[in-house]
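Below is entry_22.pdb, holding PDB, C-alpha atoms, pLDDT in the B column.
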```pdb
ATOM      1  CA  MET A   1     127.348 -19.777  14.579  1.00 87.00           C
ATOM      2  CA  ARG A   2     123.956 -20.042  12.900  1.00 90.00           C
ATOM      3  CA  ARG A   3     122.520 -17.328  10.699  1.00 91.00           C
ATOM      4  CA  LEU A   4     119.326 -15.719  11.959  1.00 91.00           C
ATOM      5  CA  ASP A   5     116.016 -16.173  10.143  1.00 89.00           C
ATOM      6  CA  LYS A   6     117.568 -18.230   7.316  1.00 89.00           C
ATOM      7  CA  GLY A   7     119.928 -15.355   6.486  1.00 91.00           C
ATOM      8  CA  ALA A   8     117.303 -12.640   5.890  1.00 92.00           C
ATOM      9  CA  PRO A   9     118.980 -10.075   8.236  1.00 93.00           C
ATOM     10  CA  LEU A  10     122.326 -10.880   6.638  1.00 94.00           C
ATOM     11  CA  ARG A  11     121.049 -10.325   3.101  1.00 94.00           C
ATOM     12  CA  ALA A  12     119.340  -7.085   4.201  1.00 95.00           C
ATOM     13  CA  ALA A  13     122.624  -5.855   5.720  1.00 95.00           C
ATOM     14  CA  ILE A  14     124.493  -6.711   2.502  1.00 95.00           C
ATOM     15  CA  ARG A  15     121.972  -4.711   0.448  1.00 94.00           C
ATOM     16  CA  ALA A  16     122.068  -1.805   2.944  1.00 94.00           C
ATOM     17  CA  ALA A  17     125.864  -1.696   2.706  1.00 94.00           C
ATOM     18  CA  GLY A  18     125.621  -1.593  -1.093  1.00 94.00           C
ATOM     19  CA  LEU A  19     127.728  -4.738  -1.469  1.00 93.00           C
ATOM     20  CA  ASP A  20     127.400  -7.976  -3.369  1.00 94.00           C
ATOM     21  CA  ILE A  21     128.928 -11.372  -2.500  1.00 93.00           C
ATOM     22  CA  PRO A  22     132.313 -10.879  -4.260  1.00 95.00           C
ATOM     23  CA  HIS A  23     132.790  -7.393  -2.796  1.00 95.00           C
ATOM     24  CA  LEU A  24     131.811  -8.578   0.693  1.00 95.00           C
ATOM     25  CA  ALA A  25     134.349 -11.409   0.389  1.00 95.00           C
ATOM     26  CA  ALA A  26     137.026  -8.914  -0.699  1.00 95.00           C
ATOM     27  CA  ARG A  27     136.143  -6.713   2.285  1.00 95.00           C
ATOM     28  CA  THR A  28     136.612  -9.666   4.681  1.00 94.00           C
ATOM     29  CA  LYS A  29     140.093 -10.183   3.207  1.00 94.00           C
ATOM     30  CA  GLU A  30     140.952  -6.533   3.936  1.00 93.00           C
ATOM     31  CA  LEU A  31     139.735  -6.823   7.540  1.00 93.00           C
ATOM     32  CA  ASP A  32     141.214 -10.234   8.354  1.00 92.00           C
ATOM     33  CA  PRO A  33     144.443  -9.888  10.372  1.00 89.00           C
ATOM     34  CA  THR A  34     145.832 -12.954   8.577  1.00 90.00           C
ATOM     35  CA  GLY A  35     144.961 -11.462   5.191  1.00 90.00           C
ATOM     36  CA  LYS A  36     143.058 -14.587   4.099  1.00 92.00           C
ATOM     37  CA  GLY A  37     139.478 -13.434   4.495  1.00 93.00           C
ATOM     38  CA  LEU A  38     136.610 -15.527   3.180  1.00 94.00           C
ATOM     39  CA  SER A  39     136.153 -16.830  -0.336  1.00 94.00           C
ATOM     40  CA  PRO A  40     133.232 -15.556  -2.414  1.00 94.00           C
ATOM     41  CA  ALA A  41     131.896 -19.121  -2.535  1.00 93.00           C
ATOM     42  CA  TYR A  42     131.879 -19.432   1.269  1.00 94.00           C
ATOM     43  CA  VAL A  43     130.207 -16.037   1.684  1.00 94.00           C
ATOM     44  CA  GLY A  44     127.661 -17.143  -0.928  1.00 93.00           C
ATOM     45  CA  PHE A  45     126.919 -20.327   0.996  1.00 92.00           C
ATOM     46  CA  ILE A  46     126.337 -18.334   4.173  1.00 94.00           C
ATOM     47  CA  ALA A  47     124.242 -15.570   2.595  1.00 93.00           C
ATOM     48  CA  GLY A  48     122.462 -17.719   0.014  1.00 91.00           C
ATOM     49  CA  THR A  49     118.903 -18.958  -0.211  1.00 90.00           C
ATOM     50  CA  GLY A  50     119.250 -21.970  -2.527  1.00 86.00           C
ATOM     51  CA  LYS A  51     119.865 -25.664  -1.904  1.00 86.00           C
ATOM     52  CA  SER A  52     123.560 -25.080  -1.218  1.00 85.00           C
ATOM     53  CA  ALA A  53     122.929 -22.413   1.440  1.00 89.00           C
ATOM     54  CA  ARG A  54     124.392 -23.176   4.860  1.00 90.00           C
ATOM     55  CA  GLU A  55     122.697 -22.357   8.128  1.00 89.00           C
ATOM     56  CA  ASP A  56     125.913 -22.724  10.133  1.00 89.00           C
ATOM     57  CA  CYS A  57     129.319 -21.143   9.783  1.00 90.00           C
ATOM     58  CA  SER A  58     132.438 -20.697  11.878  1.00 89.00           C
ATOM     59  CA  GLU A  59     132.698 -18.036  14.522  1.00 90.00           C
ATOM     60  CA  ARG A  60     135.564 -16.458  12.567  1.00 92.00           C
ATOM     61  CA  ALA A  61     133.439 -16.222   9.403  1.00 93.00           C
ATOM     62  CA  ALA A  62     130.521 -14.687  11.302  1.00 93.00           C
ATOM     63  CA  GLU A  63     132.795 -12.111  12.922  1.00 94.00           C
ATOM     64  CA  LEU A  64     134.471 -11.163   9.626  1.00 95.00           C
ATOM     65  CA  ILE A  65     131.146 -10.796   7.819  1.00 95.00           C
ATOM     66  CA  ALA A  66     129.609  -8.733  10.615  1.00 95.00           C
ATOM     67  CA  GLN A  67     132.693  -6.515  10.782  1.00 94.00           C
ATOM     68  CA  ALA A  68     132.700  -6.042   6.991  1.00 95.00           C
ATOM     69  CA  LEU A  69     129.047  -4.993   7.135  1.00 95.00           C
ATOM     70  CA  GLY A  70     129.514  -2.738  10.179  1.00 94.00           C
ATOM     71  CA  GLN A  71     127.049  -4.827  12.199  1.00 93.00           C
ATOM     72  CA  GLU A  72     127.133  -6.618  15.521  1.00 93.00           C
ATOM     73  CA  VAL A  73     127.555 -10.383  15.187  1.00 92.00           C
ATOM     74  CA  ASP A  74     124.409 -10.926  17.297  1.00 91.00           C
ATOM     75  CA  ALA A  75     122.336  -8.958  14.776  1.00 92.00           C
ATOM     76  CA  LEU A  76     123.149 -11.486  12.031  1.00 94.00           C
ATOM     77  CA  PHE A  77     124.066 -14.765  13.756  1.00 92.00           C
ATOM     78  CA  GLU A  78     123.261 -16.744  16.880  1.00 89.00           C
ATOM     79  CA  THR A  79     125.565 -18.954  18.879  1.00 84.00           C
ATOM     80  CA  VAL A  80     124.800 -22.653  18.571  1.00 76.00           C
ATOM     81  CA  PHE A  81     125.345 -25.077  21.402  1.00 69.00           C
ATOM     82  CA  LEU A  82     125.573 -28.712  20.364  1.00 58.00           C
ATOM     83  CA  THR A  83     122.906 -30.923  21.835  1.00 52.00           C
ATOM     84  CA  ILE A  84     122.595 -34.637  21.336  1.00 52.00           C
ATOM     85  CA  VAL A  85     119.043 -35.621  20.635  1.00 54.00           C
ATOM     86  CA  LYS A  86     117.560 -39.009  21.224  1.00 56.00           C
ATOM     87  CA  SER A  87     117.650 -41.264  18.189  1.00 54.00           C
ATOM     88  CA  THR A  88     114.503 -41.382  16.115  1.00 56.00           C
ATOM     89  CA  SER A  89     115.489 -44.597  14.395  1.00 55.00           C
ATOM     90  CA  PRO A  90     112.431 -46.774  13.823  1.00 54.00           C
ATOM     91  CA  ARG A  91     114.596 -49.878  13.487  1.00 52.00           C
ATOM     92  CA  ARG A  92     115.440 -50.371  17.152  1.00 49.00           C
ATOM     93  CA  LEU A  93     115.629 -54.012  18.082  1.00 44.00           C
ATOM     94  CA  GLU A  94     113.237 -55.084  20.774  1.00 45.00           C
ATOM     95  CA  ILE A  95     115.170 -57.281  23.187  1.00 42.00           C
ATOM     96  CA  ASP A  96     113.357 -59.680  25.470  1.00 44.00           C
ATOM     97  CA  GLU A  97     114.559 -60.499  28.981  1.00 44.00           C
ATOM     98  CA  SER A  98     116.719 -63.397  27.786  1.00 45.00           C
ATOM     99  CA  GLY A  99     118.626 -61.018  25.506  1.00 44.00           C
ATOM    100  CA  ALA A 100     117.315 -62.520  22.268  1.00 44.00           C
ATOM    101  CA  SER A 101     115.447 -60.577  19.638  1.00 43.00           C
ATOM    102  CA  ALA A 102     112.944 -61.970  17.201  1.00 44.00           C
ATOM    103  CA  SER A 103     115.349 -61.716  14.260  1.00 42.00           C
ATOM    104  CA  ARG A 104     118.790 -62.152  15.884  1.00 44.00           C
ATOM    105  CA  LYS A 105     120.679 -62.022  19.138  1.00 46.00           C
ATOM    106  CA  ALA A 106     122.089 -58.586  19.934  1.00 50.00           C
ATOM    107  CA  ALA A 107     122.961 -56.419  22.883  1.00 53.00           C
ATOM    108  CA  PRO A 108     120.600 -53.536  23.600  1.00 56.00           C
ATOM    109  CA  LEU A 109     121.488 -50.359  21.770  1.00 53.00           C
ATOM    110  CA  PRO A 110     122.490 -47.220  23.652  1.00 58.00           C
ATOM    111  CA  GLU A 111     119.805 -44.607  24.214  1.00 63.00           C
ATOM    112  CA  GLN A 112     121.407 -41.926  22.031  1.00 71.00           C
ATOM    113  CA  LEU A 113     122.579 -42.783  18.537  1.00 79.00           C
ATOM    114  CA  LEU A 114     123.704 -40.350  15.847  1.00 82.00           C
ATOM    115  CA  ASP A 115     123.813 -40.805  12.113  1.00 84.00           C
ATOM    116  CA  GLN A 116     127.089 -40.088  10.289  1.00 85.00           C
ATOM    117  CA  ARG A 117     126.215 -36.464   9.465  1.00 86.00           C
ATOM    118  CA  GLU A 118     125.297 -35.727  13.104  1.00 86.00           C
ATOM    119  CA  LEU A 119     128.470 -37.442  14.324  1.00 84.00           C
ATOM    120  CA  SER A 120     130.628 -35.439  11.907  1.00 85.00           C
ATOM    121  CA  ARG A 121     129.115 -32.211  13.257  1.00 86.00           C
ATOM    122  CA  PHE A 122     129.557 -33.440  16.836  1.00 83.00           C
ATOM    123  CA  LEU A 123     133.235 -34.332  16.302  1.00 84.00           C
ATOM    124  CA  ARG A 124     133.863 -31.407  13.934  1.00 86.00           C
ATOM    125  CA  LYS A 125     135.290 -33.865  11.438  1.00 85.00           C
ATOM    126  CA  SER A 126     134.229 -34.634   7.882  1.00 89.00           C
ATOM    127  CA  PRO A 127     132.109 -37.682   7.013  1.00 88.00           C
ATOM    128  CA  SER A 128     135.000 -38.933   4.866  1.00 90.00           C
ATOM    129  CA  TRP A 129     137.278 -38.815   7.946  1.00 89.00           C
ATOM    130  CA  ILE A 130     134.790 -41.060   9.757  1.00 88.00           C
ATOM    131  CA  ASP A 131     134.724 -43.448   6.767  1.00 89.00           C
ATOM    132  CA  ALA A 132     138.533 -43.588   6.780  1.00 90.00           C
ATOM    133  CA  GLN A 133     138.607 -44.349  10.525  1.00 88.00           C
ATOM    134  CA  ILE A 134     136.048 -47.146  10.133  1.00 87.00           C
ATOM    135  CA  LYS A 135     138.009 -48.607   7.195  1.00 90.00           C
ATOM    136  CA  ALA A 136     141.314 -48.449   9.103  1.00 88.00           C
ATOM    137  CA  ALA A 137     139.750 -50.167  12.114  1.00 86.00           C
ATOM    138  CA  LYS A 138     138.270 -52.874   9.878  1.00 88.00           C
ATOM    139  CA  GLU A 139     141.665 -53.454   8.214  1.00 91.00           C
ATOM    140  CA  ALA A 140     143.210 -53.768  11.679  1.00 87.00           C
ATOM    141  CA  GLY A 141     140.647 -56.441  12.518  1.00 89.00           C
ATOM    142  CA  ARG A 142     138.618 -54.440  15.015  1.00 86.00           C
ATOM    143  CA  THR A 143     135.358 -52.534  15.111  1.00 85.00           C
ATOM    144  CA  TRP A 144     135.431 -48.748  15.343  1.00 85.00           C
ATOM    145  CA  PRO A 145     134.244 -47.790  18.855  1.00 86.00           C
ATOM    146  CA  GLY A 146     130.618 -46.737  19.077  1.00 85.00           C
ATOM    147  CA  LEU A 147     129.661 -48.067  15.623  1.00 86.00           C
ATOM    148  CA  HIS A 148     126.318 -49.872  15.452  1.00 83.00           C
ATOM    149  CA  TYR A 149     124.455 -51.175  12.446  1.00 80.00           C
ATOM    150  CA  VAL A 150     120.733 -50.584  12.692  1.00 75.00           C
ATOM    151  CA  GLY A 151     119.214 -52.417   9.783  1.00 74.00           C
ATOM    152  CA  ARG A 152     121.436 -51.359   6.884  1.00 77.00           C
ATOM    153  CA  SER A 153     122.382 -47.966   8.256  1.00 81.00           C
ATOM    154  CA  ARG A 154     125.255 -47.034  10.503  1.00 84.00           C
ATOM    155  CA  ARG A 155     124.583 -45.306  13.800  1.00 86.00           C
ATOM    156  CA  PHE A 156     127.108 -44.090  16.335  1.00 86.00           C
ATOM    157  CA  ASP A 157     127.139 -43.865  20.104  1.00 85.00           C
ATOM    158  CA  PRO A 158     128.892 -40.489  20.592  1.00 83.00           C
ATOM    159  CA  ARG A 159     130.172 -41.294  24.073  1.00 83.00           C
ATOM    160  CA  ALA A 160     131.737 -44.581  22.964  1.00 84.00           C
ATOM    161  CA  VAL A 161     133.314 -42.854  19.946  1.00 84.00           C
ATOM    162  CA  LEU A 162     134.879 -40.179  22.187  1.00 83.00           C
ATOM    163  CA  ASP A 163     136.085 -42.807  24.672  1.00 83.00           C
ATOM    164  CA  GLY A 164     137.636 -44.795  21.811  1.00 82.00           C
ATOM    165  CA  MET A 165     139.357 -41.696  20.440  1.00 80.00           C
ATOM    166  CA  ARG A 166     140.753 -40.897  23.914  1.00 80.00           C
ATOM    167  CA  ASP A 167     142.007 -44.476  24.316  1.00 77.00           C
ATOM    168  CA  GLN A 168     143.643 -44.331  20.897  1.00 73.00           C
ATOM    169  CA  ARG A 169     145.336 -41.014  21.755  1.00 72.00           C
ATOM    170  CA  THR A 170     146.702 -42.379  25.040  1.00 74.00           C
ATOM    171  CA  GLN A 171     148.023 -45.521  23.281  1.00 69.00           C
ATOM    172  CA  VAL A 172     149.831 -43.433  20.672  1.00 62.00           C
ATOM    173  CA  SER A 173     151.375 -41.098  23.263  1.00 62.00           C
ATOM    174  CA  ALA A 174     152.432 -43.943  25.569  1.00 57.00           C
TER     175      ALA A 174
END
```
What would the structure in this file look like if it were written as structure tokens?
Amino acid sequence: MRRLDKGAPLRAAIRAAGLDIPHLAARTKELDPTGKGLSPAYVGFIAGTGKSAREDCSERAAELIAQALGQEVDALFETVFLTIVKSTSPRRLEIDESGASASRKAAPLPEQLLDQRELSRFLRKSPSWIDAQIKAAKEAGRTWPGLHYVGRSRRFDPRAVLDGMRDQRTQVSA
């Protein structure tokens, strides 16, 4: 879920309810069927305005906050659908018809490449998880599927990454 208008409706609802961040977090704990609720830090990230403020949160967090404030979820948050955008990398290699580039020989890159942050959002995994997977593949003497180096930066083909993860899952279960 993504907060509306950079969290302005959310902050207005918090003020209208006469709550602050710690009390809102405590209220989510009371309303959560599991009894866990949300931490004051997480609520602060969602409702905040500073550098550490988050635009996105989980559906569970959005529902707990809206319920604690007596609001509809749609009044404070919007549903986000993941879309893969075309890479804006300026370092695409131009490949001539023979397959050779001016600087080195390489296969053409896929049309859609993601950076590590975009891939972690796409997979719903942390960037450190991706680093660990790449390191494990390197130690096993193979390349992590979908990994491309564009200049000095890593880019990922999301479809190849998913295919590689599926293949790995079927090998483990077989």
What lies within 10 Å of region 3-6 of chain A using all atoms listed in the file, ignoring chain neighbours under 6 positions off, as a list in words?
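After dropping sequence-adjacent residues, the list is Ile46, Ala47, Gly48, Thr49, Ala53, Arg54, Glu55, Asp56, Cys57, Ala62, Val73, Asp74, Ala75, Leu76, Phe77, Glu78, Thr79 and Val80 of chain A.
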Take the residues from that selection and write them out as a short mmCIF file (atom, residue, chain, number, x, y, z; two decimals), in the coordinates of the input, keeping C-alpha atoms.
```cif
data_model
loop_
_atom_site.label_atom_id
_atom_site.label_comp_id
_atom_site.auth_asym_id
_atom_site.auth_seq_id
_atom_site.Cartn_x
_atom_site.Cartn_y
_atom_site.Cartn_z
CA ILE A 46 126.34 -18.33 4.17
CA ALA A 47 124.24 -15.57 2.60
CA GLY A 48 122.46 -17.72 0.01
CA THR A 49 118.90 -18.96 -0.21
CA ALA A 53 122.93 -22.41 1.44
CA ARG A 54 124.39 -23.18 4.86
CA GLU A 55 122.70 -22.36 8.13
CA ASP A 56 125.91 -22.72 10.13
CA CYS A 57 129.32 -21.14 9.78
CA ALA A 62 130.52 -14.69 11.30
CA VAL A 73 127.56 -10.38 15.19
CA ASP A 74 124.41 -10.93 17.30
CA ALA A 75 122.34 -8.96 14.78
CA LEU A 76 123.15 -11.49 12.03
CA PHE A 77 124.07 -14.76 13.76
CA GLU A 78 123.26 -16.74 16.88
CA THR A 79 125.56 -18.95 18.88
CA VAL A 80 124.80 -22.65 18.57
#
```
Using all atoms listed in the file and a cutoff of 9 Å, can you tell me which residues are near (128.7, -43.5, 13.1) in the file's coordinates, and write them out as a ChimeraX atom specification?
/A:113-120,130-131,134,144,146-149,154-158,161
Using only C-alpha atoms, find each residue of region 40-77 of chain A with at least one atom at most 7 Å away from an atom of region 13-28 of chain A; report its shortest atom-to-atom pair and that distance in Å (one decimal), sort the rows by chain and rising residue number, and return the result as a Markdown table.
```
| residue | atom | partner | partner_atom | distance |
| --- | --- | --- | --- | --- |
| A:Pro40 | CA | A:Pro22 | CA | 5.1 |
| A:Val43 | CA | A:Ala25 | CA | 6.3 |
| A:Gly44 | CA | A:Ile21 | CA | 6.1 |
| A:Leu64 | CA | A:Thr28 | CA | 5.6 |
| A:Ile65 | CA | A:Thr28 | CA | 6.4 |
| A:Ala68 | CA | A:Thr28 | CA | 5.8 |
| A:Leu69 | CA | A:Ala17 | CA | 6.4 |
```
State, in Å with one decimal place, the distance from CA of Leu38 (chain A) to CA of Ser128 (chain A).
23.5 Å
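Between CA of Gly37 (chain A) and CA of Arg11 (chain A) lies a distance of 18.7 Å.
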Quick one, how far is CA of Gln112 (chain A) from CA of Trp129 (chain A)?
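Answer for the CA of Gln112 (chain A) to CA of Trp129 (chain A) separation: 21.4 Å.
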So for region 56-65 of chain A, what box centre and size do we get, axis-aligned, 3 Å extra on each of the six sides, every listed atom, Å to one decimal, as lines of an AutoDock Vina configuration file?
```
center_x = 130.7
center_y = -16.8
center_z = 11.2
size_x = 15.7
size_y = 17.9
size_z = 12.7
```
Considering only C-alpha atoms, state which residue in the set A:Pro145, A:Ala137, A:Ser39, A:Ser52 is at the smallest distance from Ala160 (chain A).
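For Ala160 (chain A), the nearest of the given residues is A:Pro145.
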Because some atoms of region 1-12 of chain A are absent here, can you restore all heavy atoms and send them as a PDB file, in the coordinates of the input?
```pdb
ATOM      1  N   MET A   1     128.342 -20.811  14.571  1.00 87.00           N
ATOM      2  CA  MET A   1     127.348 -19.777  14.579  1.00 87.00           C
ATOM      3  C   MET A   1     126.280 -20.159  13.546  1.00 87.00           C
ATOM      4  O   MET A   1     126.589 -20.768  12.546  1.00 87.00           O
ATOM      5  CB  MET A   1     127.953 -18.435  14.202  1.00 87.00           C
ATOM      6  CG  MET A   1     129.118 -17.975  15.080  1.00 87.00           C
ATOM      7  SD  MET A   1     128.686 -17.575  16.748  1.00 87.00           S
ATOM      8  CE  MET A   1     127.884 -16.031  16.565  1.00 87.00           C
ATOM      9  N   ARG A   2     125.064 -19.771  13.819  1.00 90.00           N
ATOM     10  CA  ARG A   2     123.956 -20.042  12.900  1.00 90.00           C
ATOM     11  C   ARG A   2     123.333 -18.720  12.475  1.00 90.00           C
ATOM     12  O   ARG A   2     123.090 -17.849  13.295  1.00 90.00           O
ATOM     13  CB  ARG A   2     122.911 -20.905  13.582  1.00 90.00           C
ATOM     14  CG  ARG A   2     121.718 -21.213  12.681  1.00 90.00           C
ATOM     15  CD  ARG A   2     120.838 -22.302  13.223  1.00 90.00           C
ATOM     16  NE  ARG A   2     121.575 -23.562  13.114  1.00 90.00           N
ATOM     17  CZ  ARG A   2     121.531 -24.517  14.032  1.00 90.00           C
ATOM     18  NH1 ARG A   2     120.812 -24.392  15.101  1.00 90.00           N
ATOM     19  NH2 ARG A   2     122.233 -25.618  13.877  1.00 90.00           N
ATOM     20  N   ARG A   3     123.097 -18.569  11.189  1.00 91.00           N
ATOM     21  CA  ARG A   3     122.520 -17.328  10.699  1.00 91.00           C
ATOM     22  C   ARG A   3     121.080 -17.199  11.191  1.00 91.00           C
ATOM     23  O   ARG A   3     120.359 -18.189  11.308  1.00 91.00           O
ATOM     24  CB  ARG A   3     122.611 -17.240   9.180  1.00 91.00           C
ATOM     25  CG  ARG A   3     121.892 -18.324   8.441  1.00 91.00           C
ATOM     26  CD  ARG A   3     122.202 -18.315   6.976  1.00 91.00           C
ATOM     27  NE  ARG A   3     121.295 -19.240   6.283  1.00 91.00           N
ATOM     28  CZ  ARG A   3     120.996 -19.169   5.028  1.00 91.00           C
ATOM     29  NH1 ARG A   3     121.534 -18.240   4.268  1.00 91.00           N
ATOM     30  NH2 ARG A   3     120.176 -20.025   4.480  1.00 91.00           N
ATOM     31  N   LEU A   4     120.675 -15.980  11.473  1.00 91.00           N
ATOM     32  CA  LEU A   4     119.326 -15.719  11.959  1.00 91.00           C
ATOM     33  C   LEU A   4     118.327 -15.750  10.808  1.00 91.00           C
ATOM     34  O   LEU A   4     118.632 -15.298   9.698  1.00 91.00           O
ATOM     35  CB  LEU A   4     119.261 -14.350  12.646  1.00 91.00           C
ATOM     36  CG  LEU A   4     120.031 -14.205  13.954  1.00 91.00           C
ATOM     37  CD1 LEU A   4     119.990 -12.767  14.427  1.00 91.00           C
ATOM     38  CD2 LEU A   4     119.466 -15.123  15.018  1.00 91.00           C
ATOM     39  N   ASP A   5     117.150 -16.230  11.067  1.00 89.00           N
ATOM     40  CA  ASP A   5     116.016 -16.173  10.143  1.00 89.00           C
ATOM     41  C   ASP A   5     116.404 -16.571   8.720  1.00 89.00           C
ATOM     42  O   ASP A   5     116.095 -15.866   7.758  1.00 89.00           O
ATOM     43  CB  ASP A   5     115.398 -14.784  10.169  1.00 89.00           C
ATOM     44  CG  ASP A   5     114.013 -14.741   9.538  1.00 89.00           C
ATOM     45  OD1 ASP A   5     113.368 -15.803   9.461  1.00 89.00           O
ATOM     46  OD2 ASP A   5     113.606 -13.644   9.118  1.00 89.00           O
ATOM     47  N   LYS A   6     117.127 -17.696   8.616  1.00 89.00           N
ATOM     48  CA  LYS A   6     117.568 -18.230   7.316  1.00 89.00           C
ATOM     49  C   LYS A   6     118.345 -17.207   6.492  1.00 89.00           C
ATOM     50  O   LYS A   6     118.305 -17.203   5.269  1.00 89.00           O
ATOM     51  CB  LYS A   6     116.381 -18.769   6.527  1.00 89.00           C
ATOM     52  CG  LYS A   6     115.721 -19.939   7.225  1.00 89.00           C
ATOM     53  CD  LYS A   6     114.724 -20.624   6.354  1.00 89.00           C
ATOM     54  CE  LYS A   6     114.154 -21.800   7.141  1.00 89.00           C
ATOM     55  NZ  LYS A   6     113.371 -22.678   6.327  1.00 89.00           N
ATOM     56  N   GLY A   7     119.054 -16.308   7.163  1.00 91.00           N
ATOM     57  CA  GLY A   7     119.928 -15.355   6.486  1.00 91.00           C
ATOM     58  C   GLY A   7     119.276 -14.065   6.038  1.00 91.00           C
ATOM     59  O   GLY A   7     119.938 -13.221   5.428  1.00 91.00           O
ATOM     60  N   ALA A   8     117.992 -13.859   6.340  1.00 92.00           N
ATOM     61  CA  ALA A   8     117.303 -12.640   5.890  1.00 92.00           C
ATOM     62  C   ALA A   8     117.967 -11.369   6.435  1.00 92.00           C
ATOM     63  O   ALA A   8     118.217 -10.432   5.662  1.00 92.00           O
ATOM     64  CB  ALA A   8     115.824 -12.689   6.269  1.00 92.00           C
ATOM     65  N   PRO A   9     118.305 -11.281   7.745  1.00 93.00           N
ATOM     66  CA  PRO A   9     118.980 -10.075   8.236  1.00 93.00           C
ATOM     67  C   PRO A   9     120.349  -9.867   7.581  1.00 93.00           C
ATOM     68  O   PRO A   9     120.760  -8.741   7.323  1.00 93.00           O
ATOM     69  CB  PRO A   9     119.131 -10.312   9.738  1.00 93.00           C
ATOM     70  CG  PRO A   9     118.153 -11.364  10.080  1.00 93.00           C
ATOM     71  CD  PRO A   9     117.969 -12.182   8.850  1.00 93.00           C
ATOM     72  N   LEU A  10     121.018 -10.951   7.280  1.00 94.00           N
ATOM     73  CA  LEU A  10     122.326 -10.880   6.638  1.00 94.00           C
ATOM     74  C   LEU A  10     122.197 -10.314   5.228  1.00 94.00           C
ATOM     75  O   LEU A  10     122.929  -9.400   4.843  1.00 94.00           O
ATOM     76  CB  LEU A  10     122.971 -12.270   6.609  1.00 94.00           C
ATOM     77  CG  LEU A  10     124.298 -12.413   5.886  1.00 94.00           C
ATOM     78  CD1 LEU A  10     125.348 -11.494   6.481  1.00 94.00           C
ATOM     79  CD2 LEU A  10     124.767 -13.852   5.944  1.00 94.00           C
ATOM     80  N   ARG A  11     121.248 -10.834   4.462  1.00 94.00           N
ATOM     81  CA  ARG A  11     121.049 -10.325   3.101  1.00 94.00           C
ATOM     82  C   ARG A  11     120.603  -8.860   3.113  1.00 94.00           C
ATOM     83  O   ARG A  11     121.035  -8.063   2.270  1.00 94.00           O
ATOM     84  CB  ARG A  11     120.042 -11.203   2.358  1.00 94.00           C
ATOM     85  CG  ARG A  11     120.625 -12.578   1.995  1.00 94.00           C
ATOM     86  CD  ARG A  11     119.694 -13.388   1.133  1.00 94.00           C
ATOM     87  NE  ARG A  11     118.462 -13.754   1.814  1.00 94.00           N
ATOM     88  CZ  ARG A  11     118.332 -14.773   2.664  1.00 94.00           C
ATOM     89  NH1 ARG A  11     119.388 -15.526   2.933  1.00 94.00           N
ATOM     90  NH2 ARG A  11     117.182 -15.053   3.222  1.00 94.00           N
ATOM     91  N   ALA A  12     119.773  -8.476   4.090  1.00 95.00           N
ATOM     92  CA  ALA A  12     119.340  -7.085   4.201  1.00 95.00           C
ATOM     93  C   ALA A  12     120.526  -6.178   4.512  1.00 95.00           C
ATOM     94  O   ALA A  12     120.651  -5.074   3.960  1.00 95.00           O
ATOM     95  CB  ALA A  12     118.264  -6.945   5.280  1.00 95.00           C
TER      96      ALA A  12
END
```
